[in-house]
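Below is one structure, written out as structure tokens; the observations come after it.
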Amino acid sequence: MTIALPVVAANRMSAVWQRHLVTLAIVAGALLLPFHTDLADLAHIWWTSTTFGHCLFIGPVVAWLVWQRRGELAQLAPVAWWPALAIVAAGGAAWLMGDAGSVSFARHLGLAVMLQGAVVTILGPSVARGIAFPLGYALFLVPAGEGLQSPLQSVTAHMVVPMLHVSGIPASLDGVMIHGGHYYFEVAEACSGAKFVIAMIAFGALVANVCFTTWTRRAVFLAVCVVVPVVANGVRAFATIWAANRISLERATGFDHIVYGWVFFGLVMAAVLAIGWRWFDRAPDAPAFDPATLLPPIEYRIALPVAAVLVLATAGVFPAWSQAIAGRAQRLPAHIDLPVVPGWHRVDISVDAPWEPNYPGADHHLFGRYADGRGRQVDMAVAVYGSQMRGHEMIAFGHGVLREEDRWVRVADLPDIDGGSVMRITAAGLDQHPVERIVATWYRIGNVTTNAPPLVKIEGMKARLFGGPQRAVAIHLSAQASVGQNPVAAIRAFRAVLGDIGAVADHDSGMR
């Protein structure tokens, strides 16, 4: 009998774990059903995006991390714990705000946090603390970090030019365009190194947890994981330009396209590990945590079936709220026209390096060219949306001044013009000579006029959740650089007589 007691206790504990794990699997599956569109979006991004392809490995890594802790976890008793419903509610609120503001990152993050809340609710705080790192590491499943592309373009460009000077190749920098030797090169978003920095942060967080015990060493290692890819990407860009001038452009770019990918990322990972190897201070067989320090909670326990129902009920509130507000939209005029501008008249649009902003899903989209008596020409584009919702967002990747895989590329951002953000872009004309264009942008969302895309998202979310004007309008004024025409001066002159941007937007959306 004395030998059988531990076996009975172990079997009883195994049965408890089995009930909680089965319940968690059922709850997770049921929770994902109303959010299947977001799950499909995530899977599509993981599979097709070169920036977030590493997310495909995050799930297996999380499973491996939990499996490593199986011995310690077996010594804990899972309990249903209702305070963790606050985590589910927080995730649901983030998802709802993302849905209302058409922010995919917030929707995806909210879904991940709801699942994390379900884990803590079903298994309890002691188990959650035991798997705290795998649970937190699962957030790397959420695609994030595309905002790094623009600043890293600039960093890479500024790194390359001095290296070209040292190598004896004359070089000059114009925004993200490098005139290096015999050629012009664009430091494109794909060449910014952002995808490797994003992946290296995920890799670095894993190594920092598995191979280090002190927080100082972890922080230093994570810093190295950011700095080394940025520097390596600058060296790669320099080497491509150097080879193009010393060997040939075709051979240099061909080699770069072969190497720039998982080969490059593998070399960067190897370099980072080599740097950190000397300071690894965690034994490979060291336990992930001490089960004796994680006592099960005494208060706030609930029955397991009740916990499962409460998780699903809490998560279900938010898609129900979304459905309730989905029908809100601004009634727009059946037809709108570009405004009559004093001193300016409409003219035909030339076909030399044509440009037009991209707004798929807009309810109205107008584009036309104006000229004045001094020969200055300005293009005006207006896009009007009755509401902001998934598939009909004014602010989204590839929307606005530049579309995805556009022939036009951003050179630099310029000072604002009367509250409108200004971008200088370039493309090859009909004779293959570069053509430059200045584009000024304003947005009208609700009763707010701004040039900041994040504010557009926030105002759209507020209007959809709490009421108010739903329509959103984008207005662009653009002029092409040419002999005798200063595009910035032309836009300023046109803007001075156009009138209040908010009034123009309100008129086109039927508010005035």
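Identifiers in the structure tokens: chain A, B, ... in order shown; residue index from 1 per chain; ligand index from 1 in order shown.
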
Residues flagged strand (DSSP E or B) by DSSP in region 372-426 of chain A, as a short mmCIF file (atom, residue, chain, number, x, y, z; two decimals) with C-alpha atoms, in the first residue's frame:
data_model
loop_
_atom_site.label_atom_id
_atom_site.label_comp_id
_atom_site.auth_asym_id
_atom_site.auth_seq_id
_atom_site.Cartn_x
_atom_site.Cartn_y
_atom_site.Cartn_z
CA ASP A 372 -2.58 78.83 -64.09
CA GLN A 377 0.62 72.85 -63.18
CA VAL A 378 -0.71 70.99 -60.14
CA ASP A 379 -2.47 67.62 -59.96
CA MET A 380 -5.28 67.14 -57.45
CA ALA A 381 -6.52 63.75 -56.25
CA VAL A 382 -9.50 63.13 -53.94
CA ALA A 383 -10.56 59.79 -52.46
CA VAL A 384 -13.77 59.54 -50.40
CA TYR A 385 -14.87 56.68 -48.16
CA MET A 389 -13.83 48.98 -42.42
CA HIS A 392 -12.21 49.64 -47.35
CA GLY A 400 -1.99 56.42 -50.83
CA VAL A 409 9.84 55.36 -55.15
CA ARG A 410 10.14 57.64 -52.16
CA VAL A 411 13.27 59.77 -52.16
CA ALA A 412 12.74 61.83 -49.01
CA ASP A 413 10.18 63.55 -46.82
CA LEU A 414 10.10 67.36 -46.98
CA PRO A 415 8.75 70.04 -44.61
CA ASP A 416 4.96 70.29 -44.38
CA ILE A 417 2.93 72.58 -46.62
CA GLY A 420 0.04 68.62 -45.30
CA SER A 421 2.82 66.04 -45.24
CA VAL A 422 5.16 66.30 -48.23
CA MET A 423 7.01 63.51 -50.02
CA ARG A 424 9.49 63.68 -52.88
CA ILE A 425 9.22 60.71 -55.22
CA THR A 426 10.92 59.69 -58.45
#

For Leu73 (chain A): contacts at 8 Å, only C-alpha atoms, fewer than 4 positions along chain excluded, given as a VMD selection string: chain A and resid 69 127 130 291

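Proximity of A:Phe196, A:Phe212, A:Phe203, A:Trp242 to Ile169 (chain A), computed with only C-alpha atoms, is greatest for A:Trp242.
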
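With only C-alpha atoms as the atoms that count, the residue of A:Val155, A:Ile491, A:Leu56, A:Gly91 with the shortest distance to Trp344 (chain A) is A:Ile491.
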
Close residues, region 228-236 of chain A itself excluded, 7 Å, only C-alpha atoms, min 5 positions apart in chain, as a PyMOL selection string: chain A and resi 156+159-160+193+196-197+268

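Here the question is which of A:Ala138, A:Leu115, A:Ala334, A:Ile325 gets nearest to Gly467 (chain A) using only C-alpha atoms, and that residue is A:Ile325.
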
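You will find CA of Thr449 (chain A) at 8.7 Å from CA of Gly419 (chain A).
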
All alpha helix (DSSP H) positions in region 475-506 of chain A, as an MDAnalysis selection string: chainID A and resid 487:498 501:506

Generate a file of the selected residues that holds N, CA and C atoms, formatted as a CSV table (one decimal), in the first residue's frame.
chain,number,residue,atom,x,y,z
A,487,PRO,N,8.1,72.8,-58.0
A,487,PRO,CA,6.9,72.1,-57.7
A,487,PRO,C,6.3,72.5,-56.3
A,488,VAL,N,7.2,72.8,-55.3
A,488,VAL,CA,6.8,73.2,-54.0
A,488,VAL,C,6.1,74.5,-54.1
A,489,ALA,N,6.6,75.5,-54.9
A,489,ALA,CA,6.0,76.8,-55.0
A,489,ALA,C,4.7,76.7,-55.7
A,490,ALA,N,4.6,75.8,-56.7
A,490,ALA,CA,3.3,75.6,-57.4
A,490,ALA,C,2.2,75.1,-56.5
A,491,ILE,N,2.6,74.1,-55.7
A,491,ILE,CA,1.6,73.5,-54.8
A,491,ILE,C,1.2,74.6,-53.7
A,492,ARG,N,2.1,75.4,-53.2
A,492,ARG,CA,1.8,76.4,-52.3
A,492,ARG,C,0.8,77.4,-52.9
A,493,ALA,N,1.1,77.8,-54.2
A,493,ALA,CA,0.2,78.8,-54.8
A,493,ALA,C,-1.2,78.2,-55.0
A,494,PHE,N,-1.3,77.0,-55.4
A,494,PHE,CA,-2.6,76.4,-55.6
A,494,PHE,C,-3.3,76.2,-54.3
A,495,ARG,N,-2.6,75.8,-53.3
A,495,ARG,CA,-3.1,75.6,-52.0
A,495,ARG,C,-3.7,76.9,-51.4
A,496,ALA,N,-3.1,78.0,-51.7
A,496,ALA,CA,-3.5,79.3,-51.2
A,496,ALA,C,-4.8,79.7,-51.6
A,497,VAL,N,-5.2,79.3,-52.9
A,497,VAL,CA,-6.5,79.7,-53.4
A,497,VAL,C,-7.5,78.6,-53.4
A,498,LEU,N,-7.1,77.4,-53.0
A,498,LEU,CA,-8.0,76.3,-52.9
A,498,LEU,C,-9.0,76.5,-51.8
A,501,ILE,N,-9.0,73.0,-46.5
A,501,ILE,CA,-9.0,71.6,-46.9
A,501,ILE,C,-10.1,70.9,-46.3
A,502,GLY,N,-10.5,71.2,-45.0
A,502,GLY,CA,-11.6,70.6,-44.4
A,502,GLY,C,-12.9,70.9,-45.1
A,503,ALA,N,-13.1,72.1,-45.5
A,503,ALA,CA,-14.3,72.5,-46.3
A,503,ALA,C,-14.4,71.8,-47.6
A,504,VAL,N,-13.2,71.6,-48.3
A,504,VAL,CA,-13.2,70.9,-49.6
A,504,VAL,C,-13.6,69.4,-49.3
A,505,ALA,N,-13.0,68.8,-48.3
A,505,ALA,CA,-13.3,67.4,-48.0
A,505,ALA,C,-14.8,67.2,-47.6
A,506,ASP,N,-15.3,68.1,-46.8
A,506,ASP,CA,-16.7,68.0,-46.3
A,506,ASP,C,-17.7,68.2,-47.5

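What separates CA of Ala479 (chain A) from CA of Gly499 (chain A) is a distance of 18.1 Å.
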
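Proximity to His364 (chain A) was assessed for A:Leu338, A:Ala452, A:Leu152, A:Ala100 counting only C-alpha atoms; the smallest distance is recorded for A:Leu338.
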